[in-house]
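Containing mmCIF, C-alpha atoms: data_33.cif.
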```
data_query
loop_
_atom_site.label_atom_id
_atom_site.label_comp_id
_atom_site.auth_asym_id
_atom_site.auth_seq_id
_atom_site.Cartn_x
_atom_site.Cartn_y
_atom_site.Cartn_z
CA MET L 1 0.00 0.00 0.00
CA ARG L 2 1.36 3.42 -0.93
CA LEU L 3 2.48 5.57 2.00
CA SER L 4 0.91 8.99 2.21
CA PHE L 5 3.14 11.98 1.66
CA SER L 6 2.38 13.33 5.13
CA PHE L 7 3.56 10.06 6.67
CA LEU L 8 6.80 10.19 4.70
CA PHE L 9 7.37 13.73 5.93
CA LEU L 10 6.75 12.64 9.51
CA LEU L 11 9.19 9.78 9.01
CA LEU L 12 11.83 12.24 7.87
CA LEU L 13 11.36 14.45 10.90
CA THR L 14 11.59 11.44 13.20
CA ALA L 15 14.79 10.31 11.55
CA ASN L 16 16.30 13.77 11.96
CA VAL L 17 15.45 13.93 15.67
CA PHE L 18 16.79 10.44 16.25
CA SER L 19 20.04 11.10 14.45
CA GLN L 20 20.67 14.26 16.45
CA ASN L 21 20.52 12.22 19.67
CA THR L 22 22.95 9.52 18.58
CA ALA L 23 26.38 9.25 17.00
CA ASP L 24 24.72 8.42 13.67
CA LYS L 25 24.42 11.99 12.42
CA VAL L 26 25.01 11.03 8.80
CA SER L 27 21.55 9.45 8.79
CA GLN L 28 20.20 13.01 8.52
CA LEU L 29 21.66 13.24 5.02
CA LEU L 30 20.28 9.86 4.02
CA ALA L 31 16.86 10.91 5.32
CA ALA L 32 17.04 14.14 3.31
CA GLU L 33 17.82 12.23 0.15
CA ASN L 34 15.12 9.63 0.83
CA TYR L 35 12.73 12.54 1.30
CA PHE L 36 13.76 13.86 -2.13
CA ASN L 37 13.17 10.43 -3.71
CA ALA L 38 9.73 10.30 -2.08
CA LEU L 39 8.95 13.78 -3.40
CA VAL L 40 9.87 12.72 -6.95
CA LYS L 41 7.36 9.87 -6.77
CA GLU L 42 4.70 11.99 -5.11
CA LYS L 43 5.00 15.32 -6.95
CA GLY L 44 7.39 14.84 -9.87
CA LEU L 45 10.98 15.82 -10.52
CA LYS L 46 10.43 19.55 -11.00
CA LYS L 47 8.50 20.08 -7.75
CA ALA L 48 10.89 17.80 -5.87
CA PHE L 49 13.90 19.91 -6.80
CA LEU L 50 12.03 23.14 -6.06
CA SER L 51 11.11 21.78 -2.61
CA VAL L 52 14.64 20.87 -1.54
CA SER L 53 16.45 23.87 -3.05
CA ASP L 54 16.53 27.57 -2.23
CA ASN L 55 17.80 30.78 -3.80
CA SER L 56 21.44 29.84 -3.19
CA THR L 57 21.29 26.30 -4.65
CA VAL L 58 23.57 25.71 -7.64
CA ALA L 59 22.75 22.95 -10.14
CA PHE L 60 25.13 21.89 -12.90
CA ARG L 61 22.89 21.47 -15.99
CA PRO L 62 25.62 21.15 -17.33
CA ASN L 63 26.88 24.66 -16.46
CA PRO L 64 26.29 26.02 -12.94
CA VAL L 65 22.88 27.72 -12.76
CA PRO L 66 20.52 28.78 -9.95
CA ALA L 67 18.46 25.65 -9.34
CA GLN L 68 15.26 27.52 -8.48
CA LYS L 69 15.28 29.50 -11.71
CA PHE L 70 16.23 26.48 -13.80
CA TYR L 71 13.43 24.25 -12.52
CA LYS L 72 10.78 26.97 -12.49
CA ASP L 73 11.36 27.29 -16.24
CA GLN L 74 10.92 23.53 -16.82
CA PRO L 75 7.64 21.79 -17.70
CA ASP L 76 5.91 19.89 -14.90
CA SER L 77 6.72 16.52 -16.48
CA ILE L 78 10.47 16.24 -17.06
CA GLY L 79 11.09 12.60 -16.23
CA PHE L 80 11.63 10.32 -13.26
CA LEU L 81 14.86 10.28 -11.25
CA SER L 82 15.95 7.81 -8.58
CA LEU L 83 19.03 8.42 -6.41
CA ASP L 84 20.87 5.80 -4.37
CA PRO L 85 23.25 7.42 -1.86
CA VAL L 86 26.07 4.94 -1.34
CA TYR L 87 28.55 7.51 -0.03
CA ALA L 88 27.68 10.17 2.56
CA LYS L 89 29.61 12.31 5.00
CA ILE L 90 28.46 14.96 7.48
CA SER L 91 30.38 17.76 9.20
CA LYS L 92 31.12 17.96 12.91
CA SER L 93 28.75 20.91 13.16
CA GLY L 94 25.97 18.82 11.60
CA ASP L 95 25.02 21.62 9.20
CA TRP L 96 26.86 20.53 6.05
CA GLY L 97 27.43 17.27 4.22
CA PHE L 98 27.39 15.49 0.90
CA THR L 99 25.92 12.40 -0.69
CA ALA L 100 26.96 10.54 -3.82
CA GLY L 101 25.96 7.42 -5.69
CA PRO L 102 24.30 5.97 -8.77
CA TYR L 103 21.21 7.48 -10.35
CA ILE L 104 18.65 6.14 -12.79
CA PHE L 105 16.67 8.48 -15.06
CA LYS L 106 13.58 7.50 -17.04
CA GLN L 107 11.05 9.51 -19.01
CA ARG L 108 8.37 7.71 -17.00
CA GLU L 109 8.74 5.47 -13.97
CA SER L 110 7.18 2.55 -15.85
CA ASP L 111 9.57 2.82 -18.84
CA THR L 112 11.94 -0.05 -19.57
CA GLN L 113 14.52 2.27 -21.15
CA ALA L 114 16.72 3.92 -18.55
CA PHE L 115 19.71 6.26 -18.43
CA TYR L 116 22.43 5.80 -15.84
CA GLY L 117 25.03 7.90 -14.11
CA THR L 118 26.57 8.98 -10.81
CA TYR L 119 25.64 12.11 -8.88
CA VAL L 120 27.02 14.16 -6.01
CA SER L 121 24.97 16.56 -3.89
CA VAL L 122 26.09 18.97 -1.19
CA TRP L 123 23.48 19.60 1.51
CA LYS L 124 23.31 22.50 4.00
CA LYS L 125 20.93 23.38 6.79
CA ASN L 126 19.18 26.72 6.42
CA SER L 127 18.35 29.21 9.17
CA LYS L 128 15.31 27.08 10.12
CA ASN L 129 17.47 23.96 10.55
CA VAL L 130 16.02 22.35 7.42
CA TRP L 131 18.26 20.52 4.94
CA LYS L 132 18.49 22.17 1.53
CA LEU L 133 20.59 21.39 -1.50
CA ALA L 134 23.60 23.66 -1.86
CA MET L 135 24.95 22.02 -5.01
CA ASP L 136 23.86 19.22 -7.32
CA ALA L 137 25.83 17.65 -10.18
CA GLY L 138 26.37 14.35 -11.93
CA VAL L 139 27.86 12.51 -14.88
CA SER L 140 26.17 10.04 -17.19
CA HIS L 141 27.61 6.65 -18.15
CA LYS L 142 26.55 3.15 -19.13
CA LYS L 143 24.68 0.88 -16.73
CA PRO L 144 27.10 0.23 -13.85
CA SER L 145 29.11 -2.96 -14.19
CA ALA L 146 29.90 -3.15 -10.47
CA GLU L 147 28.17 -2.19 -7.25
CA LEU L 148 29.80 0.55 -5.22
CA LYS L 149 30.73 -0.11 -1.61
CA ARG L 150 28.48 1.77 0.82
CA LEU L 151 30.32 4.25 2.99
CA TYR L 152 28.49 6.45 5.49
CA ILE L 153 30.90 8.55 7.55
CA ASN L 154 30.12 10.25 10.84
CA PRO L 155 32.54 12.76 12.38
CA ARG L 156 35.02 11.23 14.80
CA ASN L 157 34.15 13.86 17.37
CA GLU L 158 32.25 17.13 17.65
CA ILE L 159 35.15 19.30 18.76
CA PHE L 160 35.62 22.42 16.65
CA LEU L 161 36.23 26.14 17.01
CA HIS L 162 32.98 28.12 17.02
CA GLN L 163 33.49 31.22 14.89
CA ARG L 164 31.16 34.21 15.27
CA SER L 165 32.84 36.76 13.05
CA ASN L 166 31.68 36.94 9.41
CA THR L 167 35.14 38.18 8.51
CA ARG L 168 36.76 35.12 10.07
CA LEU L 169 34.27 32.78 8.41
CA GLN L 170 35.07 34.37 5.04
CA GLN L 171 38.78 33.98 5.71
CA ARG L 172 38.26 30.26 6.26
CA GLU L 173 36.51 29.98 2.88
CA ASP L 174 39.39 31.91 1.33
CA ILE L 175 41.80 29.26 2.60
CA VAL L 176 39.91 26.57 0.68
CA PHE L 177 39.79 28.80 -2.40
CA SER L 178 43.56 29.31 -2.15
CA SER L 179 44.11 25.55 -1.76
CA ASP L 180 42.19 25.01 -5.00
CA LYS L 181 44.35 27.60 -6.77
CA LEU L 182 47.48 25.93 -5.40
CA LEU L 183 46.32 22.57 -6.75
CA ALA L 184 45.79 24.19 -10.16
CA THR L 185 49.28 25.70 -10.12
CA ILE L 186 50.98 22.42 -9.20
CA THR L 187 48.91 20.51 -11.78
CA LYS L 188 50.18 22.81 -14.56
CA ALA L 189 53.73 21.96 -13.56
CA ASP L 190 53.33 18.24 -12.81
CA ASN L 191 50.06 16.34 -12.80
CA LYS L 192 51.49 13.37 -10.91
CA ILE L 193 52.88 15.47 -8.06
CA ALA L 194 49.57 17.31 -7.73
CA GLN L 195 47.60 14.07 -7.50
CA ASN L 196 50.02 12.57 -4.98
CA GLU L 197 49.79 15.66 -2.80
CA PHE L 198 46.07 16.39 -2.94
CA LEU L 199 44.28 13.05 -3.33
CA THR L 200 43.58 10.51 -0.59
CA ASP L 201 43.54 6.73 -0.79
CA ASN L 202 39.72 6.87 -0.84
CA SER L 203 39.16 9.81 -3.21
CA TRP L 204 36.50 9.61 -5.92
CA LEU L 205 36.66 10.90 -9.50
CA LEU L 206 33.49 11.38 -11.57
CA PHE L 207 34.19 11.97 -15.27
CA PRO L 208 31.66 12.00 -18.13
CA GLY L 209 31.10 8.62 -19.74
CA ASN L 210 32.91 6.75 -16.95
CA GLU L 211 31.81 4.91 -13.84
CA PRO L 212 33.28 6.32 -10.61
CA VAL L 213 37.03 5.94 -10.28
CA VAL L 214 37.79 5.25 -6.62
CA GLY L 215 41.16 5.55 -4.87
CA LYS L 216 44.29 7.60 -5.52
CA LYS L 217 46.06 4.83 -7.42
CA ALA L 218 43.11 4.20 -9.76
CA ILE L 219 42.57 7.93 -10.35
CA MET L 220 46.22 8.52 -11.20
CA GLU L 221 46.11 5.57 -13.61
CA PHE L 222 42.95 6.99 -15.22
CA TRP L 223 44.55 10.36 -15.97
CA LYS L 224 47.77 8.73 -17.16
CA LYS L 225 45.96 6.32 -19.49
CA LYS L 226 43.77 9.06 -20.94
CA GLY L 227 46.68 11.46 -21.29
CA TYR L 228 44.55 14.17 -19.67
CA LYS L 229 45.58 17.14 -17.57
CA ALA L 230 42.89 19.41 -16.11
CA ILE L 231 43.74 23.10 -16.09
CA THR L 232 41.36 24.63 -13.55
CA GLU L 233 40.35 28.02 -12.16
CA PRO L 234 38.10 28.24 -9.08
CA VAL L 235 35.01 30.44 -9.01
CA LYS L 236 33.39 29.69 -5.66
CA ALA L 237 34.21 28.09 -2.31
CA ASP L 238 31.92 27.07 0.55
CA ARG L 239 32.80 25.52 3.90
CA SER L 240 30.98 23.88 6.78
CA TYR L 241 30.60 25.87 9.99
CA SER L 242 32.89 23.44 11.80
CA GLY L 243 35.39 24.03 9.02
CA GLU L 244 36.73 20.54 8.25
CA ILE L 245 34.90 19.90 4.97
CA ALA L 246 34.25 22.26 2.07
CA TYR L 247 33.70 22.41 -1.66
CA THR L 248 34.89 24.49 -4.58
CA TYR L 249 33.77 24.74 -8.16
CA GLY L 250 35.04 26.47 -11.25
CA ASN L 251 36.10 26.25 -14.88
CA ALA L 252 38.37 23.60 -16.39
CA THR L 253 40.07 22.95 -19.70
CA ILE L 254 41.12 19.45 -20.75
CA LEU L 255 42.77 19.04 -24.16
CA ALA L 256 41.25 22.38 -25.28
CA LYS L 257 37.75 21.20 -24.30
CA LYS L 258 35.77 23.19 -21.72
CA TYR L 259 34.46 21.60 -18.52
CA ASN L 260 33.05 22.62 -15.16
CA TYR L 261 34.52 21.02 -12.06
CA ILE L 262 33.51 20.48 -8.44
CA ARG L 263 35.87 19.44 -5.66
CA ILE L 264 34.93 18.37 -2.16
CA TRP L 265 37.72 18.99 0.30
CA GLU L 266 38.52 17.66 3.76
CA VAL L 267 41.13 18.68 6.31
CA GLN L 268 43.56 15.87 6.99
CA PRO L 269 45.88 15.47 10.01
CA GLY L 270 48.35 18.35 10.11
CA TYR L 271 45.73 20.78 8.75
CA LYS L 272 46.35 19.70 5.18
CA TRP L 273 43.50 20.08 2.71
CA ASN L 274 42.88 17.12 0.38
CA VAL L 275 40.34 16.44 -2.36
CA ILE L 276 38.04 13.54 -1.48
CA MET L 277 35.67 14.00 -4.43
CA GLU L 278 36.28 15.54 -7.87
CA VAL L 279 33.62 15.89 -10.56
CA PHE L 280 33.91 17.13 -14.14
CA THR L 281 30.90 18.05 -16.30
CA GLU L 282 31.13 19.10 -19.92
CA ALA L 283 30.48 22.82 -20.38
CA GLU L 284 27.94 24.03 -22.92
#
```

Could you write out this file's structure as structure tokens?
Amino acid sequence: MRLSFSFLFLLLLTANVFSQNTADKVSQLLAAENYFNALVKEKGLKKAFLSVSDNSTVAFRPNPVPAQKFYKDQPDSIGFLSLDPVYAKISKSGDWGFTAGPYIFKQRESDTQAFYGTYVSVWKKNSKNVWKLAMDAGVSHKKPSAELKRLYINPRNEIFLHQRSNTRLQQREDIVFSSDKLLATITKADNKIAQNEFLTDNSWLLFPGNEPVVGKKAIMEFWKKKGYKAITEPVKADRSYSGEIAYTYGNATILAKKYNYIRIWEVQPGYKWNVIMEVFTEAE
């Protein structure tokens, strides 16, 4: 029997309250994404995106655009989307996190023909403590040949410096922006050194036409085999209130072809910033 929409909403609220009282804070993100999936079935893709986004949400379609404006201009029936978050991480402050995993797109839910890909979404809590999309992007590829390992990561502790000054908060975002520019500079000189310095053993790479490439070794082999080098220039940075995870996005050029890129960053031991997720989408 089909669950009513009001019941699904109540279920979401219950999950959020529960997760805030346990160590399993990342379940908040999974609940937010399950809520989105329920909205798609209940109200359609357009209304679902409008419900979980706000005026600051950026969607890569394929270039970065304001999500609210983009979806308001779309017809009510624009297809059926199903997301499966296999990778999720939440900040110590519990206000910022990301999800990633495979998606399936169909013109109608009952269709046999489907389109596949992998998405990444950054979620932030607004002033009313409600989860909203901050950024949404993805790459298309063939039907996945392998199932991704599920990885849901809670913060190790909740110890962080509480900043009150807007100036100081902006300075912290500037540090991430500068780290992105440093990565770009080193990449121009030596791609291998840049990847060794800025990737982690568990980093993800999402590239158009390819299933996710997981792990530093596999990512370095991917770029080497393709003969690619991404020349990048950041446009925007955003950071969690607790400060240990952030994302940047900007413009990229690979073999004279234009792309957009997104990088999710995390502070490693020794206050070193590393890229744990990198996404490239073809620019229009």

Answer as a PyMOL selection string, residues within 12 Å of (22.4, 20.1, 12.5) using all atoms listed in the file: chain L and resi 16-21+24-29+90-97+123-132+158+240-242

CA of Pro66 (chain L) to CA of Glu109 (chain L), straight-line distance in Å: 26.4 Å

Counting only C-alpha atoms, the residue of L:Ile276, L:Leu83, L:Val58, L:Val214 that sits nearest Tyr71 (chain L):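 Smallest distance to Tyr71 (chain L) is found for L:Val58.
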
Residues in the PyMOL selection byres ((chain L and resi 103) around 9), expressed as a VMD selection string: chain L and resid 81 to 85 101 to 102 104 to 105 115 to 119 138 140

Distance criterion (all atoms listed in the file): nearest to Trp204 (chain L) out of L:Leu169, L:Ile262, L:Ala48, L:Ile78: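 Between L:Leu169, L:Ile262, L:Ala48, L:Ile78, the residue approaching Trp204 (chain L) most closely is L:Ile262.
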
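Picture a line from CA of Asn157 (chain L) to CA of Tyr35 (chain L); it runs 26.8 Å.
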
Atomic separation - CA of Gln68 (chain L) relative to CA of Trp265 (chain L), Å: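 Answer for the CA of Trp265 (chain L) to CA of Gln68 (chain L) separation: 25.6 Å.
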
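Each of L:Phe160, L:Phe36, L:Phe177, L:Phe222 was compared to Asp238 (chain L) using all atoms listed in the file, and L:Phe177 turns out to be the nearest.
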
Working from the structure I just supplied, which lacks atoms in region 59-70 of chain L, can you model all heavy atoms there and output them as an mmCIF file, keeping the file's coordinate frame?
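Final output, saved to part_15.cif:
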```cif
data_model
loop_
_atom_site.group_PDB
_atom_site.id
_atom_site.type_symbol
_atom_site.label_atom_id
_atom_site.label_comp_id
_atom_site.auth_asym_id
_atom_site.auth_seq_id
_atom_site.Cartn_x
_atom_site.Cartn_y
_atom_site.Cartn_z
ATOM 1 N N ALA L 59 22.887 24.239 -9.433
ATOM 2 C CA ALA L 59 22.750 22.950 -10.140
ATOM 3 C C ALA L 59 23.587 23.017 -11.415
ATOM 4 O O ALA L 59 23.556 24.020 -12.128
ATOM 5 C CB ALA L 59 21.292 22.676 -10.471
ATOM 6 N N PHE L 60 24.313 21.962 -11.685
ATOM 7 C CA PHE L 60 25.130 21.890 -12.900
ATOM 8 C C PHE L 60 24.299 21.206 -13.984
ATOM 9 O O PHE L 60 24.106 19.989 -13.955
ATOM 10 C CB PHE L 60 26.421 21.146 -12.624
ATOM 11 C CG PHE L 60 27.416 21.961 -11.844
ATOM 12 C CD1 PHE L 60 27.242 22.182 -10.486
ATOM 13 C CD2 PHE L 60 28.506 22.533 -12.477
ATOM 14 C CE1 PHE L 60 28.132 22.949 -9.761
ATOM 15 C CE2 PHE L 60 29.419 23.309 -11.758
ATOM 16 C CZ PHE L 60 29.230 23.518 -10.401
ATOM 17 N N ARG L 61 23.802 21.991 -14.979
ATOM 18 C CA ARG L 61 22.890 21.470 -15.990
ATOM 19 C C ARG L 61 23.263 21.858 -17.428
ATOM 20 O O ARG L 61 22.417 22.315 -18.185
ATOM 21 C CB ARG L 61 21.456 21.940 -15.688
ATOM 22 C CG ARG L 61 20.876 21.502 -14.352
ATOM 23 C CD ARG L 61 20.672 19.991 -14.312
ATOM 24 N NE ARG L 61 20.013 19.568 -13.100
ATOM 25 C CZ ARG L 61 20.646 19.183 -11.995
ATOM 26 N NH1 ARG L 61 21.966 19.153 -11.953
ATOM 27 N NH2 ARG L 61 19.974 18.807 -10.936
ATOM 28 N N PRO L 62 24.413 21.645 -17.996
ATOM 29 C CA PRO L 62 25.620 21.150 -17.330
ATOM 30 C C PRO L 62 26.426 22.271 -16.672
ATOM 31 O O PRO L 62 27.251 22.025 -15.829
ATOM 32 C CB PRO L 62 26.393 20.513 -18.460
ATOM 33 C CG PRO L 62 26.046 21.348 -19.652
ATOM 34 C CD PRO L 62 24.605 21.762 -19.456
ATOM 35 N N ASN L 63 26.192 23.544 -17.091
ATOM 36 C CA ASN L 63 26.880 24.660 -16.460
ATOM 37 C C ASN L 63 26.206 25.014 -15.129
ATOM 38 O O ASN L 63 25.026 24.711 -14.938
ATOM 39 C CB ASN L 63 26.874 25.885 -17.385
ATOM 40 C CG ASN L 63 27.753 25.686 -18.610
ATOM 41 O OD1 ASN L 63 28.633 24.836 -18.621
ATOM 42 N ND2 ASN L 63 27.514 26.461 -19.645
ATOM 43 N N PRO L 64 26.912 25.648 -14.213
ATOM 44 C CA PRO L 64 26.290 26.020 -12.940
ATOM 45 C C PRO L 64 25.221 27.093 -13.120
ATOM 46 O O PRO L 64 25.482 28.148 -13.697
ATOM 47 C CB PRO L 64 27.471 26.531 -12.098
ATOM 48 C CG PRO L 64 28.513 26.930 -13.102
ATOM 49 C CD PRO L 64 28.340 26.017 -14.265
ATOM 50 N N VAL L 65 24.009 26.796 -12.653
ATOM 51 C CA VAL L 65 22.880 27.720 -12.760
ATOM 52 C C VAL L 65 22.116 27.720 -11.438
ATOM 53 O O VAL L 65 22.179 26.753 -10.682
ATOM 54 C CB VAL L 65 21.919 27.325 -13.913
ATOM 55 C CG1 VAL L 65 22.609 27.439 -15.258
ATOM 56 C CG2 VAL L 65 21.389 25.901 -13.699
ATOM 57 N N PRO L 66 21.389 28.802 -11.127
ATOM 58 C CA PRO L 66 20.520 28.780 -9.950
ATOM 59 C C PRO L 66 19.440 27.729 -10.114
ATOM 60 O O PRO L 66 18.661 27.769 -11.079
ATOM 61 C CB PRO L 66 19.943 30.200 -9.918
ATOM 62 C CG PRO L 66 20.869 31.029 -10.740
ATOM 63 C CD PRO L 66 21.378 30.118 -11.808
ATOM 64 N N ALA L 67 19.382 26.783 -9.206
ATOM 65 C CA ALA L 67 18.460 25.650 -9.340
ATOM 66 C C ALA L 67 17.002 26.102 -9.370
ATOM 67 O O ALA L 67 16.197 25.576 -10.150
ATOM 68 C CB ALA L 67 18.680 24.649 -8.211
ATOM 69 N N GLN L 68 16.650 27.068 -8.535
ATOM 70 C CA GLN L 68 15.260 27.520 -8.480
ATOM 71 C C GLN L 68 14.811 28.085 -9.817
ATOM 72 O O GLN L 68 13.730 27.761 -10.315
ATOM 73 C CB GLN L 68 15.101 28.571 -7.377
ATOM 74 C CG GLN L 68 15.167 28.014 -5.960
ATOM 75 C CD GLN L 68 13.817 27.544 -5.452
ATOM 76 O OE1 GLN L 68 12.823 28.243 -5.561
ATOM 77 N NE2 GLN L 68 13.783 26.353 -4.890
ATOM 78 N N LYS L 69 15.640 28.919 -10.414
ATOM 79 C CA LYS L 69 15.280 29.500 -11.710
ATOM 80 C C LYS L 69 15.210 28.438 -12.790
ATOM 81 O O LYS L 69 14.295 28.418 -13.613
ATOM 82 C CB LYS L 69 16.296 30.575 -12.107
ATOM 83 C CG LYS L 69 15.953 31.290 -13.424
ATOM 84 C CD LYS L 69 16.978 32.346 -13.761
ATOM 85 C CE LYS L 69 16.565 33.129 -14.999
ATOM 86 N NZ LYS L 69 16.293 32.270 -16.174
ATOM 87 N N PHE L 70 16.190 27.523 -12.781
ATOM 88 C CA PHE L 70 16.230 26.480 -13.800
ATOM 89 C C PHE L 70 14.967 25.635 -13.776
ATOM 90 O O PHE L 70 14.334 25.400 -14.806
ATOM 91 C CB PHE L 70 17.464 25.596 -13.594
ATOM 92 C CG PHE L 70 17.557 24.440 -14.555
ATOM 93 C CD1 PHE L 70 18.087 24.605 -15.818
ATOM 94 C CD2 PHE L 70 17.103 23.168 -14.185
ATOM 95 C CE1 PHE L 70 18.158 23.534 -16.709
ATOM 96 C CE2 PHE L 70 17.175 22.097 -15.057
ATOM 97 C CZ PHE L 70 17.710 22.285 -16.329
#
```
